[in-house]
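Q: Pasting upload28.cif below, which is mmCIF, C-alpha atoms.
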data_run
#
loop_
_atom_site.group_PDB
_atom_site.id
_atom_site.type_symbol
_atom_site.label_atom_id
_atom_site.label_comp_id
_atom_site.auth_asym_id
_atom_site.auth_seq_id
_atom_site.Cartn_x
_atom_site.Cartn_y
_atom_site.Cartn_z
ATOM 1 C CA MET A 1239 -16.260 -3.030 26.705
ATOM 2 C CA SER A 1240 -15.797 -0.432 23.964
ATOM 3 C CA ALA A 1241 -15.453 -1.526 20.359
ATOM 4 C CA PRO A 1242 -12.026 -1.154 18.692
ATOM 5 C CA LEU A 1243 -11.448 2.035 16.718
ATOM 6 C CA ASP A 1244 -11.008 0.141 13.456
ATOM 7 C CA ARG A 1245 -13.200 2.142 11.043
ATOM 8 C CA VAL A 1246 -12.496 5.856 10.936
ATOM 9 C CA LEU A 1247 -14.084 8.816 9.171
ATOM 10 C CA VAL A 1248 -11.880 11.851 8.472
ATOM 11 C CA ILE A 1249 -13.798 15.004 7.577
ATOM 12 C CA GLY A 1250 -11.888 17.460 5.394
ATOM 13 C CA GLY A 1251 -9.646 17.378 2.355
ATOM 14 C CA GLY A 1252 -6.906 19.807 3.330
ATOM 15 C CA THR A 1253 -3.298 19.299 4.330
ATOM 16 C CA MET A 1254 -4.025 18.072 7.845
ATOM 17 C CA ALA A 1255 -6.941 15.816 6.909
ATOM 18 C CA THR A 1256 -4.982 14.059 4.157
ATOM 19 C CA GLY A 1257 -2.032 13.531 6.493
ATOM 20 C CA ILE A 1258 -4.258 12.078 9.233
ATOM 21 C CA ALA A 1259 -5.977 9.776 6.737
ATOM 22 C CA ALA A 1260 -2.614 8.628 5.358
ATOM 23 C CA ARG A 1261 -1.293 7.710 8.793
ATOM 24 C CA LEU A 1262 -4.445 5.810 9.730
ATOM 25 C CA ALA A 1263 -4.523 3.945 6.423
ATOM 26 C CA ALA A 1264 -0.811 3.114 6.621
ATOM 27 C CA THR A 1265 -1.452 1.237 9.864
ATOM 28 C CA GLY A 1266 -4.221 -0.866 8.349
ATOM 29 C CA ILE A 1267 -7.258 1.022 9.643
ATOM 30 C CA GLU A 1268 -10.224 1.246 7.288
ATOM 31 C CA THR A 1269 -10.337 4.964 6.504
ATOM 32 C CA VAL A 1270 -13.017 7.008 4.779
ATOM 33 C CA VAL A 1271 -12.524 10.694 3.930
ATOM 34 C CA LEU A 1272 -15.436 13.070 3.463
ATOM 35 C CA VAL A 1273 -14.945 16.212 1.345
ATOM 36 C CA ARG A 1274 -17.321 19.031 0.364
ATOM 37 C CA ARG A 1275 -16.806 19.212 -3.403
ATOM 38 C CA ARG A 1276 -16.943 16.443 -5.987
ATOM 39 C CA GLU A 1277 -13.966 17.905 -7.848
ATOM 40 C CA ALA A 1278 -11.873 17.467 -4.669
ATOM 41 C CA ILE A 1279 -12.270 13.682 -4.637
ATOM 42 C CA ALA A 1280 -9.505 12.793 -7.118
ATOM 43 C CA PRO A 1281 -6.812 15.211 -5.842
ATOM 44 C CA THR A 1282 -7.553 14.258 -2.232
ATOM 45 C CA ARG A 1283 -7.279 10.546 -3.029
ATOM 46 C CA ASP A 1284 -4.030 11.111 -4.952
ATOM 47 C CA GLU A 1285 -2.471 13.163 -2.162
ATOM 48 C CA ILE A 1286 -3.353 10.561 0.468
ATOM 49 C CA ALA A 1287 -1.899 7.812 -1.728
ATOM 50 C CA ARG A 1288 1.322 9.822 -2.167
ATOM 51 C CA ARG A 1289 1.693 10.239 1.582
ATOM 52 C CA VAL A 1290 0.895 6.603 2.328
ATOM 53 C CA GLU A 1291 3.578 5.466 -0.142
ATOM 54 C CA GLN A 1292 6.152 7.363 1.915
ATOM 55 C CA LEU A 1293 5.290 5.161 4.896
ATOM 56 C CA VAL A 1294 4.466 1.638 3.681
ATOM 57 C CA ALA A 1295 4.575 -0.460 0.521
ATOM 58 C CA SER A 1296 0.861 -1.071 0.098
ATOM 59 C CA VAL A 1297 -2.403 -0.754 2.018
ATOM 60 C CA ARG A 1298 -6.128 -0.848 1.387
ATOM 61 C CA PRO A 1299 -7.006 2.279 -0.651
ATOM 62 C CA VAL A 1300 -8.665 5.113 1.226
ATOM 63 C CA THR A 1301 -12.244 5.826 0.211
ATOM 64 C CA VAL A 1302 -12.959 9.490 -0.566
ATOM 65 C CA LEU A 1303 -16.608 10.548 -0.682
ATOM 66 C CA VAL A 1304 -18.494 13.792 -1.083
ATOM 67 C CA ASP A 1305 -21.292 15.118 1.131
ATOM 68 C CA HIS A 1306 -22.254 11.797 2.778
ATOM 69 C CA ALA A 1307 -20.477 8.759 4.218
ATOM 70 C CA PRO A 1308 -22.312 5.568 5.261
ATOM 71 C CA GLY A 1309 -21.830 4.871 8.959
ATOM 72 C CA PRO A 1310 -21.474 3.742 11.569
ATOM 73 C CA PHE A 1311 -17.860 4.638 12.309
ATOM 74 C CA ALA A 1312 -15.912 3.800 15.439
ATOM 75 C CA LEU A 1313 -14.241 7.211 15.251
ATOM 76 C CA ALA A 1314 -14.929 10.408 13.316
ATOM 77 C CA VAL A 1315 -12.223 13.088 13.135
ATOM 78 C CA GLU A 1316 -13.099 16.638 12.059
ATOM 79 C CA SER A 1317 -10.232 18.520 10.430
ATOM 80 C CA ILE A 1318 -11.567 21.638 8.711
ATOM 81 C CA ALA A 1319 -10.621 25.323 9.009
ATOM 82 C CA GLU A 1320 -10.377 26.965 12.450
ATOM 83 C CA ASP A 1321 -13.887 28.409 12.379
ATOM 84 C CA ALA A 1322 -15.889 27.621 15.518
ATOM 85 C CA ALA A 1323 -19.340 27.898 13.904
ATOM 86 C CA ALA A 1324 -18.342 25.719 10.949
ATOM 87 C CA LYS A 1325 -16.760 23.141 13.227
ATOM 88 C CA ARG A 1326 -19.849 22.967 15.452
ATOM 89 C CA ALA A 1327 -22.049 22.312 12.414
ATOM 90 C CA VAL A 1328 -19.736 19.610 11.054
ATOM 91 C CA LEU A 1329 -19.351 17.945 14.458
ATOM 92 C CA ALA A 1330 -23.109 17.838 15.052
ATOM 93 C CA ARG A 1331 -23.580 16.095 11.724
ATOM 94 C CA ALA A 1332 -20.613 13.764 12.241
ATOM 95 C CA GLU A 1333 -22.017 12.671 15.599
ATOM 96 C CA THR A 1334 -24.883 10.978 13.735
ATOM 97 C CA LEU A 1335 -22.379 8.875 11.772
ATOM 98 C CA VAL A 1336 -20.524 7.289 14.687
ATOM 99 C CA ALA A 1337 -21.566 4.151 16.549
ATOM 100 C CA ASP A 1338 -23.324 4.435 19.904
ATOM 101 C CA ASP A 1339 -19.999 4.096 21.704
ATOM 102 C CA GLY A 1340 -17.992 5.734 18.897
ATOM 103 C CA ILE A 1341 -15.703 8.688 19.521
ATOM 104 C CA LEU A 1342 -16.082 12.090 17.905
ATOM 105 C CA ALA A 1343 -12.822 14.059 17.720
ATOM 106 C CA THR A 1344 -11.701 17.470 16.527
ATOM 107 C CA ASN A 1345 -8.283 18.380 15.214
ATOM 108 C CA THR A 1346 -8.633 21.989 16.368
ATOM 109 C CA SER A 1347 -5.334 23.629 17.239
ATOM 110 C CA SER A 1348 -6.632 26.573 19.265
ATOM 111 C CA LEU A 1349 -10.385 26.460 19.990
ATOM 112 C CA ARG A 1350 -11.845 25.486 23.368
ATOM 113 C CA LEU A 1351 -13.602 22.138 23.329
ATOM 114 C CA ALA A 1352 -16.344 23.434 25.598
ATOM 115 C CA ASP A 1353 -17.349 25.858 22.836
ATOM 116 C CA LEU A 1354 -17.316 23.167 20.146
ATOM 117 C CA ALA A 1355 -19.399 20.687 22.167
ATOM 118 C CA GLU A 1356 -22.429 22.957 22.603
ATOM 119 C CA ASP A 1357 -24.669 21.155 20.075
ATOM 120 C CA LEU A 1358 -23.572 17.583 20.774
ATOM 121 C CA THR A 1359 -25.882 14.983 22.306
ATOM 122 C CA ARG A 1360 -23.045 12.762 23.606
ATOM 123 C CA PRO A 1361 -20.352 15.169 24.823
ATOM 124 C CA GLU A 1362 -18.841 12.423 26.970
ATOM 125 C CA LEU A 1363 -17.596 10.816 23.727
ATOM 126 C CA PHE A 1364 -16.155 14.036 22.304
ATOM 127 C CA ALA A 1365 -12.450 14.900 22.539
ATOM 128 C CA GLY A 1366 -9.663 16.893 20.977
ATOM 129 C CA TRP A 1367 -7.122 14.924 18.922
ATOM 130 C CA HIS A 1368 -4.620 17.499 17.734
ATOM 131 C CA TRP A 1369 -2.089 16.460 15.087
ATOM 132 C CA PHE A 1370 0.863 18.408 13.683
ATOM 133 C CA ASN A 1371 1.827 19.096 10.082
ATOM 134 C CA PRO A 1372 2.884 16.942 8.284
ATOM 135 C CA ALA A 1373 0.463 14.733 10.183
ATOM 136 C CA GLU A 1374 1.709 11.430 8.805
ATOM 137 C CA LEU A 1375 5.280 12.148 9.980
ATOM 138 C CA VAL A 1376 5.269 14.234 13.179
ATOM 139 C CA PRO A 1377 4.967 11.777 16.105
ATOM 140 C CA LEU A 1378 3.229 14.089 18.579
ATOM 141 C CA VAL A 1379 -0.533 14.218 19.058
ATOM 142 C CA GLU A 1380 -2.352 16.051 21.846
ATOM 143 C CA VAL A 1381 -5.385 14.408 23.448
ATOM 144 C CA THR A 1382 -7.690 16.657 25.440
ATOM 145 C CA GLY A 1383 -11.217 16.634 26.765
ATOM 146 C CA GLY A 1384 -13.985 19.137 27.294
ATOM 147 C CA PRO A 1385 -15.872 19.665 30.562
ATOM 148 C CA ARG A 1386 -18.029 16.574 29.991
ATOM 149 C CA THR A 1387 -15.578 14.254 28.214
ATOM 150 C CA ALA A 1388 -15.379 10.833 29.871
ATOM 151 C CA PRO A 1389 -11.896 9.698 31.016
ATOM 152 C CA ASP A 1390 -12.389 6.471 29.050
ATOM 153 C CA THR A 1391 -12.727 8.492 25.829
ATOM 154 C CA LEU A 1392 -9.312 10.058 26.377
ATOM 155 C CA GLU A 1393 -7.782 6.694 27.252
ATOM 156 C CA ARG A 1394 -9.144 5.098 24.082
ATOM 157 C CA LEU A 1395 -7.778 7.924 21.896
ATOM 158 C CA ALA A 1396 -4.381 7.761 23.596
ATOM 159 C CA THR A 1397 -4.281 3.983 23.137
ATOM 160 C CA LEU A 1398 -5.112 4.329 19.439
ATOM 161 C CA SER A 1399 -2.429 6.996 19.106
ATOM 162 C CA TRP A 1400 0.251 4.670 20.450
ATOM 163 C CA ALA A 1401 -1.051 1.854 18.222
ATOM 164 C CA ILE A 1402 -0.588 3.915 15.037
ATOM 165 C CA GLY A 1403 2.926 5.014 15.966
ATOM 166 C CA LYS A 1404 2.121 8.377 17.547
ATOM 167 C CA GLU A 1405 3.354 9.787 20.856
ATOM 168 C CA PRO A 1406 0.336 11.249 22.672
ATOM 169 C CA ILE A 1407 0.246 13.635 25.575
ATOM 170 C CA THR A 1408 -3.068 13.868 27.428
ATOM 171 C CA LEU A 1409 -3.869 17.297 28.817
ATOM 172 C CA ARG A 1410 -5.192 17.472 32.362
ATOM 173 C CA ARG A 1411 -7.708 20.145 31.366
ATOM 174 C CA ASP A 1412 -9.018 21.980 28.299
ATOM 175 C CA HIS A 1413 -6.608 24.837 27.608
ATOM 176 C CA ALA A 1414 -6.622 27.238 24.637
ATOM 177 C CA GLY A 1415 -3.753 26.371 22.293
ATOM 178 C CA PHE A 1416 -3.072 23.161 24.241
ATOM 179 C CA VAL A 1417 0.644 22.557 24.936
ATOM 180 C CA ALA A 1418 2.734 22.531 21.747
ATOM 181 C CA ASN A 1419 1.186 25.592 20.115
ATOM 182 C CA ARG A 1420 1.577 27.622 23.294
ATOM 183 C CA LEU A 1421 5.249 26.658 23.388
ATOM 184 C CA GLN A 1422 5.642 27.391 19.677
ATOM 185 C CA TYR A 1423 3.980 30.794 19.841
ATOM 186 C CA ALA A 1424 5.898 31.803 22.955
ATOM 187 C CA LEU A 1425 9.103 31.203 20.975
ATOM 188 C CA LEU A 1426 7.672 32.974 17.913
ATOM 189 C CA ARG A 1427 6.776 36.044 19.958
ATOM 190 C CA GLU A 1428 10.387 36.364 21.073
ATOM 191 C CA ALA A 1429 11.625 35.578 17.536
ATOM 192 C CA TYR A 1430 9.610 38.465 16.073
ATOM 193 C CA ALA A 1431 10.792 40.758 18.858
ATOM 194 C CA LEU A 1432 14.452 39.986 18.162
ATOM 195 C CA VAL A 1433 14.029 40.747 14.465
ATOM 196 C CA GLU A 1434 11.938 43.889 14.965
ATOM 197 C CA GLU A 1435 14.421 45.232 17.544
ATOM 198 C CA GLY A 1436 17.260 44.808 15.063
ATOM 199 C CA VAL A 1437 19.110 42.176 17.083
ATOM 200 C CA CYS A 1438 19.271 39.722 14.180
ATOM 201 C CA GLY A 1439 17.579 38.778 10.918
ATOM 202 C CA ALA A 1440 14.796 36.258 10.373
ATOM 203 C CA GLU A 1441 17.299 33.875 8.760
ATOM 204 C CA ASP A 1442 19.430 34.040 11.916
ATOM 205 C CA VAL A 1443 16.462 33.061 14.070
ATOM 206 C CA ASP A 1444 15.788 30.041 11.872
ATOM 207 C CA ARG A 1445 19.452 29.028 12.058
ATOM 208 C CA ALA A 1446 19.490 29.386 15.847
ATOM 209 C CA VAL A 1447 16.568 26.984 16.116
ATOM 210 C CA VAL A 1448 17.567 24.466 13.428
ATOM 211 C CA ALA A 1449 21.262 24.280 14.352
ATOM 212 C CA GLY A 1450 20.839 24.838 18.085
ATOM 213 C CA LEU A 1451 17.623 24.562 20.049
ATOM 214 C CA GLY A 1452 15.801 22.309 17.607
ATOM 215 C CA ALA A 1453 18.700 19.894 17.295
ATOM 216 C CA ARG A 1454 19.049 19.625 21.071
ATOM 217 C CA TRP A 1455 15.314 19.426 21.775
ATOM 218 C CA ALA A 1456 14.910 16.690 19.163
ATOM 219 C CA ALA A 1457 17.049 14.567 21.491
ATOM 220 C CA ILE A 1458 15.848 15.733 24.922
ATOM 221 C CA GLY A 1459 13.186 18.267 25.875
ATOM 222 C CA PRO A 1460 13.581 21.698 27.506
ATOM 223 C CA PHE A 1461 13.185 20.507 31.088
ATOM 224 C CA ALA A 1462 15.616 17.620 30.559
ATOM 225 C CA SER A 1463 18.022 20.102 28.916
ATOM 226 C CA MET A 1464 17.917 22.325 31.983
ATOM 227 C CA ASP A 1465 18.461 19.359 34.292
ATOM 228 C CA ALA A 1466 21.463 18.421 32.162
ATOM 229 C CA ALA A 1467 22.838 21.973 32.232
ATOM 230 C CA GLY A 1468 22.382 22.312 35.994
ATOM 231 C CA LEU A 1469 19.534 24.027 37.808
ATOM 232 C CA ASP A 1470 21.879 26.502 39.483
ATOM 233 C CA VAL A 1471 22.869 27.816 36.038
ATOM 234 C CA HIS A 1472 19.261 27.667 34.861
ATOM 235 C CA GLU A 1473 18.005 29.693 37.819
ATOM 236 C CA ALA A 1474 20.661 32.361 37.348
ATOM 237 C CA VAL A 1475 19.926 32.777 33.624
ATOM 238 C CA THR A 1476 16.166 32.793 34.280
ATOM 239 C CA GLU A 1477 16.578 35.603 36.795
ATOM 240 C CA GLN A 1478 18.457 37.676 34.225
ATOM 241 C CA LEU A 1479 16.465 36.922 31.069
ATOM 242 C CA PHE A 1480 12.830 36.515 32.077
ATOM 243 C CA PRO A 1481 12.346 40.229 32.839
ATOM 244 C CA GLN A 1482 13.781 41.116 29.410
ATOM 245 C CA LEU A 1483 11.667 38.792 27.254
ATOM 246 C CA SER A 1484 8.881 40.167 25.087
ATOM 247 C CA ARG A 1485 5.446 40.489 26.674
ATOM 248 C CA SER A 1486 3.750 41.883 23.570
ATOM 249 C CA ILE A 1487 0.124 40.892 22.968
ATOM 250 C CA GLU A 1488 -0.086 42.515 19.518
ATOM 251 C CA VAL A 1489 0.265 40.764 16.171
ATOM 252 C CA PRO A 1490 3.917 41.412 15.196
ATOM 253 C CA ALA A 1491 4.473 44.352 12.860
ATOM 254 C CA LEU A 1492 6.674 42.216 10.593
ATOM 255 C CA LEU A 1493 3.834 39.752 10.111
ATOM 256 C CA ARG A 1494 1.263 42.505 9.475
ATOM 257 C CA GLU A 1495 3.499 44.269 6.957
ATOM 258 C CA THR A 1496 4.363 41.058 5.134
ATOM 259 C CA ARG A 1497 0.691 40.110 4.863
ATOM 260 C CA ARG A 1498 -0.282 43.592 3.689
ATOM 261 C CA GLY A 1499 2.175 43.178 0.837
ATOM 262 C CA GLY A 1500 0.196 40.179 -0.391
ATOM 263 C CA ALA A 1501 2.557 37.524 0.929
ATOM 264 C CA ASN A 1502 0.981 34.374 2.326
ATOM 265 C CA GLY A 1503 3.959 32.083 2.766
ATOM 266 C CA MET A 1504 5.258 29.430 0.397
ATOM 267 C CA LYS A 1505 1.835 28.814 -1.130
ATOM 268 C CA SER A 1506 1.821 32.393 -2.481
ATOM 269 C CA GLY A 1507 5.508 32.488 -3.449
ATOM 270 C CA ARG A 1508 6.505 35.026 -0.776
ATOM 271 C CA GLY A 1509 6.768 34.949 2.991
ATOM 272 C CA LEU A 1510 8.670 36.193 6.015
ATOM 273 C CA LEU A 1511 11.976 35.100 4.473
ATOM 274 C CA GLY A 1512 11.307 36.618 1.052
ATOM 275 C CA GLY A 1513 10.548 34.915 -2.251
ATOM 276 C CA TYR A 1514 9.926 31.213 -2.792
ATOM 277 C CA PRO A 1515 10.186 30.029 -6.398
ATOM 278 C CA PRO A 1516 8.201 26.773 -6.798
ATOM 279 C CA GLU A 1517 11.301 24.581 -6.890
ATOM 280 C CA SER A 1518 12.703 26.246 -3.765
ATOM 281 C CA ALA A 1519 9.495 25.683 -1.773
ATOM 282 C CA GLN A 1520 9.389 22.048 -2.899
ATOM 283 C CA ASP A 1521 13.010 21.517 -1.832
ATOM 284 C CA ILE A 1522 12.350 22.993 1.624
ATOM 285 C CA VAL A 1523 9.285 20.809 2.192
ATOM 286 C CA ALA A 1524 11.158 17.723 0.963
ATOM 287 C CA ARG A 1525 14.063 18.448 3.324
ATOM 288 C CA ARG A 1526 11.654 18.940 6.251
ATOM 289 C CA ASP A 1527 9.892 15.667 5.515
ATOM 290 C CA ALA A 1528 13.150 13.749 5.127
ATOM 291 C CA VAL A 1529 14.418 14.924 8.523
ATOM 292 C CA LEU A 1530 11.075 14.207 10.203
ATOM 293 C CA ALA A 1531 10.957 10.738 8.673
ATOM 294 C CA LEU A 1532 14.481 10.072 9.916
ATOM 295 C CA LEU A 1533 13.639 11.224 13.438
ATOM 296 C CA ALA A 1534 10.449 9.169 13.452
ATOM 297 C CA GLY A 1535 12.219 6.083 12.141
ATOM 298 C CA THR A 1536 10.015 5.978 9.040
ATOM 299 C CA GLY A 1537 10.538 7.317 5.563
ATOM 300 C CA ARG A 1538 10.293 4.529 3.046
ATOM 301 C CA LYS A 1539 10.570 6.881 0.060
ATOM 302 C CA VAL A 1540 10.923 10.369 1.478
ATOM 303 C CA THR A 1541 14.712 10.313 1.211
ATOM 304 C CA GLU A 1542 14.917 8.403 -2.065
#
Could you show the structure in this file as structure tokens?
A:
Amino acid sequence: MSAPLDRVLVIGGGTMATGIAARLAATGIETVVLVRRREAIAPTRDEIARRVEQLVASVRPVTVLVDHAPGPFALAVESIAEDAAAKRAVLARAETLVADDGILATNTSSLRLADLAEDLTRPELFAGWHWFNPAELVPLVEVTGGPRTAPDTLERLATLSWAIGKEPITLRRDHAGFVANRLQYALLREAYALVEEGVCGAEDVDRAVVAGLGARWAAIGPFASMDAAGLDVHEAVTEQLFPQLSRSIEVPALLRETRRGGANGMKSGRGLLGGYPPESAQDIVARRDAVLALLAGTGRKVTE
């Protein structure tokens, strides 16, 4: 019988890693975070604490270490930048820190697990555990295996996901981009096309999703929505619209031009929707988190 996943190592100090650590810690799991730079210890610890406080009143503090973490861990989660070579190196090292039956997981959002497992000695205990930003609030996680991942590994990760208040979907096979990102980028491709063709503005696209599709899909998903609408109507609209949807495989011109102008989103003060003064960006993020907390049934302090 496999040991419980009650001591977890999170590797990385970025937005996703701190959110993952906060969620794990908020549910009482002993959590250790490993960062690369000593000067990152304090800000990483503070950010995790801030996120945890949005979820629960008090928990055991998260330990943040640099360069080395004393094992063994029941689970190690890699959450660094989407660089295959860097991830392979980190995963190979992390594998030495987990128990003999411990799970090694990656939070990759787009890379194939088969490519990341090349240097591992126990690929049967390696899996994808993909979270969504903000990780402590978005319920969905995607669980996926590589060619040699054992079914029990996926079952254990899915069970842990439910236990910490997540809603996992387990993919039937390793697939680039998994499920949610493929859905998201299919919508984004059409969104860029509508703007670039002059049909509407970027603000109109956001409004269409927030006030329309997003609101409806937060209650029931796309397939349930079509069943509710009637499959006769759905088939007729599909026949008319599918041939007219964008099939572009190029990076959208709007995105290229915005990036060339030095914009990098809210973190740089400018993005696809124009300028973001610091207070404006903070208000948008706070509103997002408040809605997500409400939908997830959490939010101890987010809305205060």
Q: What's the separation between CA of Leu1530 (chain A) and CA of Lys1404 (chain A), in Å to one decimal place?
A: 13.0 Å
Q: Evaluate the PyMOL selection byres ((chain A and resi 1426) around 12) on the structure here and hand back the selected residues as a list in words.
A: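 Selected by the PyMOL selection byres ((chain A and resi 1426) around 12) in this file: Asn1419, Arg1420, Leu1421, Gln1422, Tyr1423, Ala1424, Leu1425, Arg1427, Glu1428, Ala1429, Tyr1430, Ala1431, Leu1432, Val1433, Ala1440, Val1443, Asp1444, Val1447, Leu1483, Ser1484, Arg1485, Ser1486, Val1489, Pro1490, Leu1492 and Leu1493 of chain A.
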Q: Please return as a PyMOL selection string every residue within 8 Å of (-10.5, 3.9, 14.1), taking into account all atoms listed in the file and the file's own coordinates.
A: chain A and resi 1242-1247+1262+1267-1269+1311-1314+1398
Q: What residues come out when you apply the PyMOL selection byres ((chain A and resi 1359) around 12) to this file, written as JSON, numbers by chain?
A: {"A": [1329, 1330, 1331, 1332, 1333, 1334, 1338, 1342, 1355, 1356, 1357, 1358, 1360, 1361, 1362, 1363, 1364, 1386, 1387]}
Q: From the options A:Gly1403, A:Gly1512, A:Gly1439, A:Pro1310, which residue's atoms come nearest to Thr1265 (chain A), counting all atoms listed in the file?
A: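 Using all atoms listed in the file, Thr1265 (chain A) sits closest to A:Gly1403.
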Q: Given the file above and the PyMOL selection byres ((chain A and resi 1373) around 10), which residues are selected, and can you give them as an MDAnalysis selection string?
A: chainID A and resid 1253:1261 1289 1368:1372 1374:1379 1404
Q: So which residues touch Pro1385 (chain A) within 8 Å, counting only C-alpha atoms, skipping near sequence neighbours fewer than 2 positions away, as a PDB file with C-alpha atoms, keeping the file's coordinate frame?
A:
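Below is the file that was written, part_20.pdb:
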ATOM      1  CA  LEU A1351     -13.602  22.138  23.329  1.00  0.00           C
ATOM      2  CA  ALA A1352     -16.344  23.434  25.598  1.00  0.00           C
ATOM      3  CA  GLY A1383     -11.217  16.634  26.765  1.00  0.00           C
ATOM      4  CA  THR A1387     -15.578  14.254  28.214  1.00  0.00           C
ATOM      5  CA  ASP A1412      -9.018  21.980  28.299  1.00  0.00           C
TER       6      ASP A1412
END
Q: Neighbours of Val1529 (chain A) within 12 Å (only C-alpha atoms; same-chain residues fewer than 2 positions away dropped), as a list in words?
A: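 These residues fall inside the cut-off: Pro1372, Leu1375, Val1376, Val1448, Gly1452, Ala1453, Ala1456, Ile1522, Val1523, Ala1524, Arg1525, Arg1526, Asp1527, Ala1531, Leu1532, Leu1533, Ala1534, Gly1535, Thr1536, Gly1537, Val1540 and Thr1541 of chain A.
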Q: Once you have the residues from the selection above, write them out as a compact mmCIF listing (two decimals), keeping the file's coordinate frame, restricted to C-alpha atoms.
A:
# COMPACT_ATOMS: atom_id res chain seq x y z
CA PRO A 1372 2.88 16.94 8.28
CA LEU A 1375 5.28 12.15 9.98
CA VAL A 1376 5.27 14.23 13.18
CA VAL A 1448 17.57 24.47 13.43
CA GLY A 1452 15.80 22.31 17.61
CA ALA A 1453 18.70 19.89 17.30
CA ALA A 1456 14.91 16.69 19.16
CA ILE A 1522 12.35 22.99 1.62
CA VAL A 1523 9.28 20.81 2.19
CA ALA A 1524 11.16 17.72 0.96
CA ARG A 1525 14.06 18.45 3.32
CA ARG A 1526 11.65 18.94 6.25
CA ASP A 1527 9.89 15.67 5.52
CA ALA A 1531 10.96 10.74 8.67
CA LEU A 1532 14.48 10.07 9.92
CA LEU A 1533 13.64 11.22 13.44
CA ALA A 1534 10.45 9.17 13.45
CA GLY A 1535 12.22 6.08 12.14
CA THR A 1536 10.02 5.98 9.04
CA GLY A 1537 10.54 7.32 5.56
CA VAL A 1540 10.92 10.37 1.48
CA THR A 1541 14.71 10.31 1.21
Q: When you count all atoms listed in the file, which of these residues is closest to Gly1309 (chain A): A:Thr1496, A:Ala1264, A:Arg1326, A:Ala1337?
A: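 Looking only at the distances to Gly1309 (chain A), the closest residue turns out to be A:Ala1337.
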Q: Between CA of Val1302 (chain A) and CA of Leu1272 (chain A), measure the distance and give it in Å to one decimal.
A: 5.9 Å
Q: Distance CA of Ile1402 (chain A)-CA of Thr1344 (chain A), one decimal place?
A: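 These atoms are spaced 17.6 Å apart.
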